[in-house]
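Q: I'm passing along work29.csv; it holds CSV, C-alpha atoms.
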```csv
chain,number,residue,atom,x,y,z
A,1,MET,CA,-85.9,-11.7,-95.8
A,2,SER,CA,-84.0,-14.5,-97.6
A,3,SER,CA,-81.5,-16.5,-95.6
A,4,ASN,CA,-78.7,-15.9,-98.0
A,5,VAL,CA,-77.9,-12.5,-96.4
A,6,PHE,CA,-75.0,-14.4,-94.7
A,7,THR,CA,-72.2,-16.2,-96.4
A,8,ASP,CA,-69.8,-18.9,-95.1
A,9,ASP,CA,-66.3,-17.8,-94.2
A,10,CYS,CA,-63.5,-19.0,-96.4
A,11,THR,CA,-61.9,-22.1,-95.2
A,12,THR,CA,-58.2,-21.9,-94.3
A,13,SER,CA,-55.8,-24.3,-92.8
A,14,LYS,CA,-53.6,-21.5,-91.6
A,15,GLU,CA,-53.6,-20.5,-87.9
A,16,LEU,CA,-54.2,-16.9,-86.9
A,17,LYS,CA,-51.1,-15.5,-85.2
A,18,ILE,CA,-51.9,-13.4,-82.1
A,19,THR,CA,-49.5,-10.6,-81.2
A,20,GLU,CA,-49.2,-9.3,-77.7
A,21,GLY,CA,-49.7,-5.7,-76.7
A,22,ALA,CA,-47.5,-3.7,-74.3
A,23,PRO,CA,-46.8,0.0,-73.5
A,24,ILE,CA,-45.0,1.9,-76.3
A,25,ALA,CA,-41.3,1.8,-75.8
A,26,ASP,CA,-40.3,4.4,-78.3
A,27,MET,CA,-42.3,7.6,-78.8
A,28,VAL,CA,-41.3,11.0,-80.1
A,29,ARG,CA,-43.0,13.0,-77.4
A,30,THR,CA,-45.9,13.1,-74.9
A,31,ILE,CA,-48.6,15.8,-75.0
A,32,ALA,CA,-49.9,16.4,-71.5
A,33,ALA,CA,-53.4,17.1,-70.3
A,34,GLY,CA,-54.5,20.2,-68.6
A,35,GLU,CA,-57.3,22.7,-68.8
A,36,THR,CA,-56.7,25.9,-70.9
A,37,GLU,CA,-58.2,29.3,-70.4
A,38,ASN,CA,-60.0,29.3,-73.8
A,39,GLY,CA,-61.6,26.0,-72.9
A,40,LYS,CA,-64.0,27.8,-70.7
A,41,ALA,CA,-65.3,29.8,-73.7
A,42,PHE,CA,-65.7,26.6,-75.7
A,43,ALA,CA,-67.7,24.9,-73.0
A,44,ASN,CA,-69.9,27.9,-72.7
A,45,GLU,CA,-70.5,28.0,-76.5
A,46,ILE,CA,-71.4,24.3,-76.6
A,47,THR,CA,-74.0,25.0,-73.9
A,48,ASP,CA,-75.3,28.3,-75.5
A,49,CYS,CA,-75.5,26.8,-79.0
A,50,PHE,CA,-77.5,23.7,-78.0
A,51,ILE,CA,-79.7,22.5,-80.9
A,52,SER,CA,-81.6,19.5,-79.5
A,53,ASP,CA,-81.6,16.2,-77.8
A,54,PHE,CA,-82.3,13.2,-80.0
A,55,GLU,CA,-83.1,10.3,-77.7
A,56,LYS,CA,-86.7,9.0,-77.9
A,57,PRO,CA,-89.1,9.7,-75.0
A,58,GLY,CA,-89.1,6.7,-72.8
A,59,ASP,CA,-85.5,5.6,-73.6
A,60,LYS,CA,-83.7,4.4,-70.5
A,61,MET,CA,-80.2,4.7,-72.0
A,62,ALA,CA,-78.7,6.1,-75.3
A,63,HIS,CA,-75.2,6.2,-76.5
A,64,VAL,CA,-72.7,6.5,-79.5
A,65,SER,CA,-74.0,9.1,-81.9
A,66,THR,CA,-73.3,10.0,-85.6
A,67,PHE,CA,-75.0,12.8,-87.5
A,68,LEU,CA,-75.3,14.4,-90.9
A,69,VAL,CA,-77.0,17.6,-92.1
A,70,VAL,CA,-78.4,17.3,-95.6
A,71,ASP,CA,-80.6,19.9,-97.3
A,72,GLY,CA,-81.9,21.3,-94.1
A,73,THR,CA,-82.5,18.0,-92.3
A,74,VAL,CA,-80.5,16.5,-89.4
A,75,TYR,CA,-80.1,12.7,-89.5
A,76,MET,CA,-78.8,11.1,-86.2
A,77,SER,CA,-78.0,7.5,-85.4
A,78,TYR,CA,-77.3,5.9,-82.0
A,79,TYR,CA,-78.3,2.8,-80.0
A,80,ALA,CA,-80.8,2.9,-77.1
A,81,ASN,CA,-81.9,0.7,-74.2
A,82,THR,CA,-85.7,0.9,-74.0
A,83,LYS,CA,-86.1,-1.5,-71.1
A,84,GLU,CA,-83.7,-0.5,-68.3
A,85,PRO,CA,-81.1,2.2,-67.6
A,86,SER,CA,-77.8,0.4,-68.5
A,87,GLU,CA,-75.6,-0.1,-71.5
A,88,ASP,CA,-76.6,-3.7,-72.1
A,89,PRO,CA,-76.6,-5.0,-75.7
A,90,LYS,CA,-79.2,-7.7,-74.8
A,91,ASN,CA,-81.8,-4.9,-74.4
A,92,GLN,CA,-80.6,-2.4,-77.1
A,93,THR,CA,-82.1,-1.0,-80.4
A,94,ALA,CA,-80.3,0.5,-83.4
A,95,ARG,CA,-82.0,3.7,-84.3
A,96,LEU,CA,-82.1,6.5,-86.9
A,97,VAL,CA,-83.8,9.9,-86.1
A,98,TYR,CA,-84.4,12.8,-88.4
A,99,ALA,CA,-85.9,16.3,-88.2
A,100,LEU,CA,-85.8,19.5,-90.2
A,101,THR,CA,-83.3,22.1,-88.8
A,102,ASP,CA,-86.1,24.7,-88.7
A,103,ASP,CA,-88.6,22.3,-87.0
A,104,ILE,CA,-86.1,20.4,-84.8
A,105,ASP,CA,-88.6,19.3,-82.2
A,106,ASN,CA,-90.7,17.4,-84.7
A,107,LYS,CA,-88.6,14.3,-84.9
A,108,THR,CA,-89.2,11.0,-86.7
A,109,PHE,CA,-87.8,7.9,-85.0
A,110,VAL,CA,-86.9,4.8,-87.1
A,111,ASP,CA,-85.8,1.6,-85.3
A,112,LEU,CA,-83.5,-0.6,-87.4
A,113,GLN,CA,-83.0,-3.7,-85.2
A,114,THR,CA,-83.8,-4.8,-81.7
A,115,THR,CA,-82.6,-7.8,-79.7
A,116,GLY,CA,-84.9,-10.7,-80.6
A,117,ASP,CA,-85.3,-9.8,-84.3
A,118,MET,CA,-84.4,-12.2,-87.1
A,119,VAL,CA,-82.0,-11.5,-90.0
A,120,GLY,CA,-82.3,-14.2,-92.6
A,121,ASP,CA,-82.2,-17.5,-90.7
A,122,LYS,CA,-80.3,-16.0,-87.6
A,123,ALA,CA,-81.7,-14.6,-84.4
A,124,ILE,CA,-80.2,-11.5,-83.0
A,125,ASP,CA,-79.4,-11.5,-79.3
A,126,MET,CA,-77.3,-8.4,-78.9
A,127,VAL,CA,-77.3,-4.9,-80.6
A,128,TYR,CA,-74.4,-2.5,-80.3
A,129,ASP,CA,-72.6,0.5,-82.0
A,130,THR,CA,-74.8,2.2,-84.6
A,131,ILE,CA,-73.5,4.8,-87.1
A,132,LEU,CA,-74.5,6.3,-90.4
A,133,MET,CA,-72.6,7.2,-93.6
A,134,LYS,CA,-73.7,9.1,-96.7
A,135,LYS,CA,-73.6,6.8,-99.8
A,136,ASP,CA,-74.8,9.3,-102.4
A,137,ASN,CA,-77.1,12.3,-102.8
A,138,ASP,CA,-80.2,10.2,-102.0
A,139,THR,CA,-78.8,7.4,-99.8
A,140,ILE,CA,-77.4,7.1,-96.4
A,141,TYR,CA,-76.4,3.7,-94.8
A,142,ILE,CA,-77.2,3.1,-91.2
A,143,MET,CA,-74.7,0.6,-90.0
A,144,TRP,CA,-74.5,-1.3,-86.7
A,145,THR,CA,-73.1,-4.3,-84.8
A,146,ALA,CA,-75.2,-7.2,-83.7
A,147,ARG,CA,-74.5,-10.6,-82.3
A,148,THR,CA,-76.4,-13.7,-83.5
A,149,SER,CA,-77.6,-16.4,-81.2
A,150,GLU,CA,-74.6,-18.6,-82.1
A,151,GLY,CA,-72.3,-16.0,-80.6
A,152,ASN,CA,-70.8,-14.4,-83.7
A,153,TYR,CA,-70.7,-10.5,-84.0
A,154,TYR,CA,-71.6,-9.1,-87.4
A,155,ARG,CA,-71.6,-5.6,-89.0
A,156,PHE,CA,-75.0,-4.9,-90.7
A,157,TYR,CA,-76.1,-2.0,-92.9
A,158,CYS,CA,-79.4,-0.8,-94.2
A,159,PRO,CA,-79.9,1.9,-96.9
A,160,PHE,CA,-82.3,4.8,-96.3
A,161,SER,CA,-83.6,7.0,-99.0
A,162,LEU,CA,-83.4,10.7,-98.3
A,163,SER,CA,-86.1,11.6,-100.8
A,164,THR,CA,-88.7,9.0,-99.9
A,165,LYS,CA,-87.7,8.5,-96.2
A,166,THR,CA,-87.9,4.7,-96.7
A,167,LEU,CA,-85.6,1.9,-95.6
A,168,GLY,CA,-84.1,-0.8,-97.9
A,169,LYS,CA,-83.2,-4.3,-97.0
A,170,ILE,CA,-80.7,-5.2,-94.2
A,171,GLY,CA,-77.4,-6.6,-95.5
A,172,VAL,CA,-74.1,-7.8,-94.0
A,173,ASN,CA,-71.0,-5.7,-94.6
A,174,ARG,CA,-68.0,-7.6,-96.1
A,175,PHE,CA,-64.4,-7.7,-95.0
A,176,LYS,CA,-61.6,-8.2,-97.6
A,177,VAL,CA,-58.0,-9.1,-97.1
A,178,GLY,CA,-56.1,-9.7,-100.3
A,179,ASN,CA,-58.3,-11.9,-102.4
A,180,THR,CA,-60.3,-13.2,-99.4
A,181,VAL,CA,-63.7,-11.8,-98.9
A,182,ASN,CA,-65.8,-12.8,-95.9
A,183,ASP,CA,-68.8,-11.4,-94.0
A,184,PHE,CA,-67.7,-8.6,-91.7
A,185,SER,CA,-67.9,-10.6,-88.5
A,186,VAL,CA,-65.5,-11.7,-85.8
A,187,SER,CA,-65.0,-15.1,-87.5
A,188,GLY,CA,-64.8,-13.5,-90.9
A,189,ILE,CA,-62.0,-11.1,-89.9
A,190,LYS,CA,-60.0,-13.8,-88.2
A,191,SER,CA,-60.3,-16.2,-91.1
A,192,ALA,CA,-59.4,-13.6,-93.7
A,193,LEU,CA,-56.3,-12.4,-91.7
A,194,ALA,CA,-55.2,-16.0,-91.1
A,195,GLU,CA,-55.5,-16.9,-94.8
A,196,ASN,CA,-53.3,-13.9,-95.7
A,197,GLU,CA,-50.9,-14.6,-92.9
A,198,ILE,CA,-51.5,-11.2,-91.2
A,199,PRO,CA,-51.1,-11.3,-87.4
A,200,CYS,CA,-53.4,-9.3,-85.1
A,201,LYS,CA,-53.9,-8.5,-81.5
A,202,LYS,CA,-56.5,-10.2,-79.3
A,203,MET,CA,-60.1,-9.7,-80.5
A,204,TYR,CA,-63.0,-9.9,-78.0
A,205,SER,CA,-66.5,-8.8,-77.5
A,206,ASP,CA,-68.1,-6.7,-80.4
A,207,ILE,CA,-66.6,-5.3,-83.5
A,208,GLY,CA,-66.9,-1.6,-84.6
A,209,ILE,CA,-66.5,0.6,-87.7
A,210,MET,CA,-65.6,4.2,-87.0
A,211,GLN,CA,-68.1,6.7,-88.4
A,212,LYS,CA,-65.7,9.4,-89.7
A,213,LEU,CA,-65.1,9.1,-93.5
A,214,SER,CA,-62.3,10.6,-95.5
A,215,SER,CA,-61.5,9.9,-99.1
A,216,ARG,CA,-58.7,9.3,-101.5
A,217,VAL,CA,-58.7,8.7,-105.3
A,218,GLU,CA,-56.7,5.6,-106.2
A,219,ASN,CA,-56.4,4.5,-109.9
A,220,GLY,CA,-59.4,6.6,-110.8
A,221,LYS,CA,-61.7,5.2,-108.1
A,222,THR,CA,-62.7,7.0,-104.9
A,223,TYR,CA,-62.0,5.1,-101.7
A,224,TYR,CA,-63.4,6.0,-98.3
A,225,TYR,CA,-61.1,5.4,-95.3
A,226,THR,CA,-62.0,4.7,-91.7
A,227,GLY,CA,-61.0,2.4,-88.8
A,228,THR,CA,-62.3,-0.8,-87.4
A,229,TYR,CA,-61.6,-2.6,-84.1
A,230,SER,CA,-62.4,-5.5,-81.9
A,231,GLY,CA,-60.9,-5.5,-78.4
A,232,ASP,CA,-57.2,-4.9,-78.7
A,233,PHE,CA,-57.1,-5.3,-82.5
A,234,THR,CA,-57.4,-2.0,-84.4
A,235,CYS,CA,-56.6,-1.3,-88.1
A,236,ILE,CA,-57.3,1.0,-91.1
A,237,ILE,CA,-59.9,-0.1,-93.7
A,238,LYS,CA,-61.2,1.4,-96.9
A,239,SER,CA,-64.1,0.9,-99.2
A,240,ASP,CA,-65.4,2.2,-102.6
A,241,ASP,CA,-69.0,1.3,-101.9
A,242,LEU,CA,-69.4,1.4,-98.0
A,243,ILE,CA,-70.4,-2.3,-98.1
A,244,THR,CA,-67.2,-4.2,-98.7
A,245,TRP,CA,-64.3,-3.0,-96.5
A,246,GLU,CA,-60.7,-3.8,-97.3
A,247,TYR,CA,-57.9,-4.2,-94.8
A,248,VAL,CA,-55.2,-1.6,-95.2
A,249,SER,CA,-52.8,-1.8,-92.3
A,250,GLN,CA,-52.4,-1.8,-88.5
A,251,PRO,CA,-49.6,-0.1,-86.4
A,252,ASP,CA,-46.4,-2.2,-86.8
A,253,PHE,CA,-44.9,-1.1,-83.4
A,254,ILE,CA,-45.7,-2.7,-80.0
A,255,ASN,CA,-48.5,-0.7,-78.4
A,256,ASP,CA,-51.3,-0.9,-75.9
A,257,SER,CA,-54.3,-0.2,-78.3
A,258,LYS,CA,-57.8,-1.0,-77.3
A,259,TRP,CA,-61.2,-0.3,-79.0
A,260,GLU,CA,-62.0,2.8,-81.1
A,261,ASN,CA,-59.4,4.1,-83.6
A,262,ALA,CA,-59.9,7.4,-85.3
A,263,THR,CA,-58.5,7.8,-88.8
A,264,TYR,CA,-58.2,10.5,-91.5
A,265,VAL,CA,-56.6,10.2,-94.9
A,266,LEU,CA,-54.9,13.3,-96.4
A,267,GLY,CA,-52.8,12.8,-99.5
A,268,ASP,CA,-50.7,9.7,-99.1
A,269,LYS,CA,-51.0,9.5,-95.3
A,270,VAL,CA,-53.6,8.1,-93.0
A,271,TYR,CA,-53.5,9.9,-89.6
A,272,TYR,CA,-54.4,7.6,-86.7
A,273,PHE,CA,-55.3,8.1,-83.0
A,274,VAL,CA,-56.4,5.3,-80.7
A,275,ARG,CA,-57.0,4.8,-77.0
A,276,GLN,CA,-55.0,2.3,-75.0
A,277,GLN,CA,-55.5,0.0,-72.1
A,278,ASP,CA,-57.2,1.4,-69.0
A,279,THR,CA,-53.9,1.2,-67.1
A,280,ASN,CA,-52.2,3.5,-69.6
A,281,LYS,CA,-52.5,7.3,-69.2
A,282,CYS,CA,-52.1,8.1,-72.9
A,283,GLY,CA,-53.6,7.3,-76.3
A,284,PHE,CA,-51.3,7.5,-79.3
A,285,LEU,CA,-51.1,9.5,-82.5
A,286,THR,CA,-49.3,8.1,-85.5
A,287,ALA,CA,-49.6,8.1,-89.3
A,288,TYR,CA,-49.4,5.5,-92.0
A,289,ASN,CA,-47.7,6.3,-95.4
A,290,LEU,CA,-49.7,4.5,-98.1
A,291,LEU,CA,-46.8,4.7,-100.6
A,292,THR,CA,-43.9,3.5,-98.4
A,293,LYS,CA,-46.2,1.3,-96.2
A,294,THR,CA,-44.5,2.6,-93.1
A,295,TRP,CA,-45.8,4.0,-89.8
A,296,ASP,CA,-44.5,7.2,-88.1
A,297,VAL,CA,-43.0,6.9,-84.6
A,298,PRO,CA,-46.0,7.7,-82.4
A,299,VAL,CA,-46.8,10.7,-80.3
A,300,GLU,CA,-48.5,9.9,-77.0
A,301,ILE,CA,-51.4,12.2,-75.9
A,302,GLU,CA,-52.7,12.0,-72.4
A,303,ASP,CA,-56.2,10.7,-72.6
A,304,CYS,CA,-58.8,9.0,-70.3
A,305,GLN,CA,-59.1,6.2,-72.8
A,306,SER,CA,-62.2,7.3,-74.6
A,307,ARG,CA,-63.2,7.6,-78.3
A,308,GLY,CA,-61.5,10.3,-80.4
A,309,ASP,CA,-62.5,12.0,-83.7
A,310,PHE,CA,-60.7,13.9,-86.5
A,311,ILE,CA,-62.1,16.8,-88.5
A,312,TYR,CA,-60.5,18.7,-91.4
A,313,TYR,CA,-61.3,22.4,-90.9
A,314,LYS,CA,-59.9,25.5,-92.8
A,315,ASP,CA,-57.0,23.5,-94.3
A,316,ASN,CA,-55.9,21.9,-91.1
A,317,LEU,CA,-56.5,18.6,-89.3
A,318,TYR,CA,-57.8,18.6,-85.7
A,319,LEU,CA,-58.3,15.8,-83.2
A,320,PHE,CA,-61.1,15.9,-80.6
A,321,HIS,CA,-60.6,13.6,-77.6
A,322,ALA,CA,-61.1,13.2,-73.8
A,323,PRO,CA,-57.8,14.3,-72.1
A,324,ILE,CA,-58.8,14.0,-68.4
A,325,ASP,CA,-62.2,12.3,-68.2
A,326,ARG,CA,-65.4,12.2,-70.1
A,327,GLU,CA,-66.4,15.6,-68.8
A,328,HIS,CA,-63.4,17.2,-70.6
A,329,ILE,CA,-62.7,17.8,-74.3
A,330,GLY,CA,-59.3,18.3,-75.8
A,331,ILE,CA,-58.7,19.7,-79.3
A,332,ALA,CA,-55.2,19.2,-80.8
A,333,LYS,CA,-54.0,20.6,-84.1
A,334,ILE,CA,-52.2,17.9,-86.0
A,335,ASP,CA,-48.9,18.9,-87.7
A,336,THR,CA,-49.4,16.8,-90.9
A,337,GLU,CA,-45.8,17.4,-91.9
A,338,ASN,CA,-44.3,16.2,-88.6
A,339,ILE,CA,-46.8,14.8,-86.1
A,340,ALA,CA,-44.2,15.5,-83.3
A,341,GLY,CA,-45.1,19.2,-83.9
A,342,SER,CA,-48.8,18.7,-83.1
A,343,SER,CA,-50.1,21.1,-80.4
A,344,ILE,CA,-53.0,21.7,-78.0
A,345,VAL,CA,-55.7,24.2,-79.2
A,346,LEU,CA,-57.7,23.9,-76.0
A,347,GLN,CA,-58.7,21.6,-73.2
A,348,ALA,CA,-62.1,22.3,-71.7
A,349,LYS,CA,-64.1,21.2,-68.6
A,350,MET,CA,-67.6,20.8,-70.1
A,351,HIS,CA,-70.8,21.8,-68.3
A,352,THR,CA,-72.1,18.2,-68.7
A,353,SER,CA,-70.5,14.9,-69.4
A,354,CYS,CA,-69.5,14.7,-73.0
A,355,PHE,CA,-69.0,11.0,-74.1
A,356,TYR,CA,-67.8,10.1,-77.5
A,357,PRO,CA,-67.9,13.5,-79.3
A,358,PHE,CA,-68.5,13.3,-83.1
A,359,VAL,CA,-67.7,16.4,-85.1
A,360,GLN,CA,-69.2,17.1,-88.5
A,361,TYR,CA,-70.1,20.0,-90.8
A,362,CYS,CA,-73.5,21.5,-90.1
A,363,GLU,CA,-74.4,24.6,-92.0
A,364,ASN,CA,-72.6,27.6,-93.6
A,365,GLY,CA,-69.3,25.8,-93.5
A,366,GLU,CA,-69.2,25.6,-89.7
A,367,LEU,CA,-69.3,22.6,-87.3
A,368,ALA,CA,-71.5,20.9,-84.9
A,369,MET,CA,-70.8,18.2,-82.4
A,370,SER,CA,-73.0,15.3,-81.3
A,371,TYR,CA,-72.2,13.6,-78.0
A,372,THR,CA,-73.7,11.5,-75.2
A,373,VAL,CA,-74.7,13.1,-71.8
A,374,ALA,CA,-74.4,10.5,-69.1
A,375,ARG,CA,-75.7,7.8,-71.5
A,376,LYS,CA,-79.1,9.5,-71.2
A,377,HIS,CA,-79.1,12.2,-73.9
A,378,ILE,CA,-77.9,12.2,-77.5
A,379,ARG,CA,-77.1,15.9,-77.8
A,380,LEU,CA,-76.3,18.2,-80.7
A,381,ALA,CA,-74.7,21.6,-80.4
A,382,LYS,CA,-73.1,24.1,-82.9
A,383,PHE,CA,-69.8,25.8,-82.4
A,384,THR,CA,-67.3,27.9,-84.4
A,385,LEU,CA,-63.8,26.4,-84.2
A,386,SER,CA,-62.1,29.4,-85.7
A,387,LYS,CA,-62.8,31.4,-82.5
A,388,TYR,CA,-60.2,29.3,-80.7
A,389,LEU,CA,-57.5,29.0,-83.3
```
Could I get this structure in the form of structure tokens?
A:
Amino acid sequence: MSSNVFTDDCTTSKELKITEGAPIADMVRTIAAGETENGKAFANEITDCFISDFEKPGDKMAHVSTFLVVDGTVYMSYYANTKEPSEDPKNQTARLVYALTDDIDNKTFVDLQTTGDMVGDKAIDMVYDTILMKKDNDTIYIMWTARTSEGNYYRFYCPFSLSTKTLGKIGVNRFKVGNTVNDFSVSGIKSALAENEIPCKKMYSDIGIMQKLSSRVENGKTYYYTGTYSGDFTCIIKSDDLITWEYVSQPDFINDSKWENATYVLGDKVYYFVRQQDTNKCGFLTAYNLLTKTWDVPVEIEDCQSRGDFIYYKDNLYLFHAPIDREHIGIAKIDTENIAGSSIVLQAKMHTSCFYPFVQYCENGELAMSYTVARKHIRLAKFTLSKYL
């Protein structure tokens, strides 16, 4: 592979301004955690409607799943440790798995990148969050974080053809702020924000892109929205090609955000939920108005500080999150006219751990959920959300 897969960051003489986080001082309400009676039925359904586990035989650890069902085939992404049973990016592999829904046990495993691989002229020494996104009717992008040996984290992507089941070339995602376009890396994000005089909260460790896409047509072009994060810095991004991602906005009120931020665009608003510091008992829900460029006063939702996910189902928006611990699931119905009116659908004690649930359409207009069980299994199960509404 040619060495020009990477580009140099723009040079700027401007200093990046770091803003401090703190607990939210002004919120419209707090939604409390607590198991609900219908949660038992949901936990049972997830167990009864088990589809399959997708880790590879011999994996010591597996985590962070994304899936799609296309024309009777399930495609699943995650990262795995094949050497020892810990979440250690120095020993991890970014992976795609696929299987026919009517022959689910006959899986094909495709490893994208492993610590020690070379990309262009750079050695990879850490591999982390791995997701997938559908580009078009014949292409999905597998996307992941990796650190190069000089210590910079990057977001990579690789196209995969659904018809030929072949991989394309690995590329580097791009991060755009105003007219500045850098590689999607820690240094690239900082440089682009600094050049455009946009402050941000403290960035550290890896960078991530959230796997849930939602779309909006702007000036005749379809843009796909999601969230990105590094440490305490979280923001909304959008893209028209899933390669170059443009900064949109970040919450403008003082908050305690940390790591993964779920987003969903409906009309002129982007709904936003993010976990907070471990000492905080709540995540927060807010919304960004793309026309007025203003943020709603947030609603706090009690959460164990795990990853959330939105899904739009039967004309309503729902949030899946971990209200008590990672053995519980909470589902909240979002009042898109007034987020203060959002309400609990159910809160369930699951029969296994249920790390980082990701909800997507499966077949016949109904949903399935992929999740991690104790960082050992990448599990997929169907359910019918309308039963609980």
Q: Could you check the closest approach to Thr352 (chain A) for each of A:Ile339, A:Val74, A:Val373, A:Ile243 and tell me which residue wins, using all atoms listed in the file?
A: A:Val373
Q: For the contact check between region 275-347 of chain A and region 43-60 of chain A, emit one row per residue of region 275-347 of chain A within 10 Å, containing the shortest atom pair and the distance in Å rounded to one decimal, counting all atoms listed in the file, chain then rising number order, as a Markdown table.
A:
```
| residue | atom | partner | partner_atom | distance |
| --- | --- | --- | --- | --- |
| A:His328 | CA | A:Ala43 | CA | 9.1 |
| A:Ile329 | CA | A:Ala43 | CA | 8.8 |
| A:Gln347 | CA | A:Ala43 | CA | 9.6 |
```
Q: Just give me the gap between CA of Val5 (chain A) and CA of Asp121 (chain A) in Å, one decimal is fine.
A: 8.7 Å
Q: Mind running region 126-222 of chain A against region 252-271 of chain A at 8 Å and telling me each contacting residue's nearest atom pair with the distance in Å (one decimal), counting all atoms listed in the file, chain and number ascending, as CSV?
A:
```
residue,atom,partner,partner_atom,distance
A:Gly208,CA,A:Glu260,CA,7.5
A:Met210,CA,A:Ala262,CA,6.8
A:Lys212,CA,A:Thr263,CA,7.4
A:Leu213,CA,A:Tyr264,CA,7.3
A:Ser214,CA,A:Tyr264,CA,5.7
A:Ser215,CA,A:Val265,CA,6.5
A:Arg216,CA,A:Val265,CA,7.0
```
Q: Using Å and a single decimal, report how far CA of Leu285 (chain A) sits from CA of Lys333 (chain A).
A: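 CA of Lys333 (chain A) sits 11.6 Å away from CA of Leu285 (chain A).
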Q: If we count all atoms listed in the file, what is near region 86-94 of chain A at a cut-off of 6 Å, once residues fewer than 6 positions away on the same chain are taken out, given as an MDAnalysis selection string?
A: chainID A and resid 79:80 111:115 125:128 130
Q: Ranking A:Lys17, A:Ile31, A:Leu96, A:Phe6 by minimum distance to Met203 (chain A) and counting only C-alpha atoms, which one comes first?
A: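 Among the listed residues, the smallest separation from Met203 (chain A) belongs to A:Lys17.
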Q: Do you have the CA of Lys382 (chain A)-CA of Asp102 (chain A) distance handy?
A: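 Separation of CA of Lys382 (chain A) and CA of Asp102 (chain A): 14.2 Å.
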Q: Between A:Ile334, A:Arg375, A:Trp245, A:Arg275, single out the one closest to Ala287 (chain A), counting only C-alpha atoms.
A: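 Counting only C-alpha atoms, the residue closest to Ala287 (chain A) is A:Ile334.
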Q: Rank A:Lys281, A:Thr286, A:Asn137, A:Tyr98 by their smallest atom-to-atom distance to Asp325 (chain A), using all atoms listed in the file, and report the top residue only.
A: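 Of A:Lys281, A:Thr286, A:Asn137, A:Tyr98, the one nearest Asp325 (chain A) is A:Lys281, counting all atoms listed in the file.
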Q: Find the residues around Ile207 (chain A) up to 9 Å (all atoms listed in the file counted), leave out those fewer than 4 positions away in its own chain, and share them as a PyMOL selection string.
A: chain A and resi 128-129+145-146+153-155+184-186+203+228-231+259
Q: When distances are computed from all atoms listed in the file, which of A:Gly171, A:Asn179, A:Arg147, A:Lys165 shows the smallest separation from Thr108 (chain A)?
A: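 Using all atoms listed in the file, the shortest distance to Thr108 (chain A) belongs to A:Lys165.
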Q: Would you kindly identify which residues have an atom no farther than 9 Å from (-43.9, 19.8, -78.2), using all atoms listed in the file and the file's own coordinates, and write them out as a PyMOL selection string?
A: chain A and resi 29-31+340-343
Q: Do a neighbour search on Thr148 (chain A) at 6 Å with only C-alpha atoms, toss out local chain neighbours closer than 2 positions, and write the hits as JSON, numbers by chain.
A: {"A": [123, 124, 125, 150, 151, 152]}
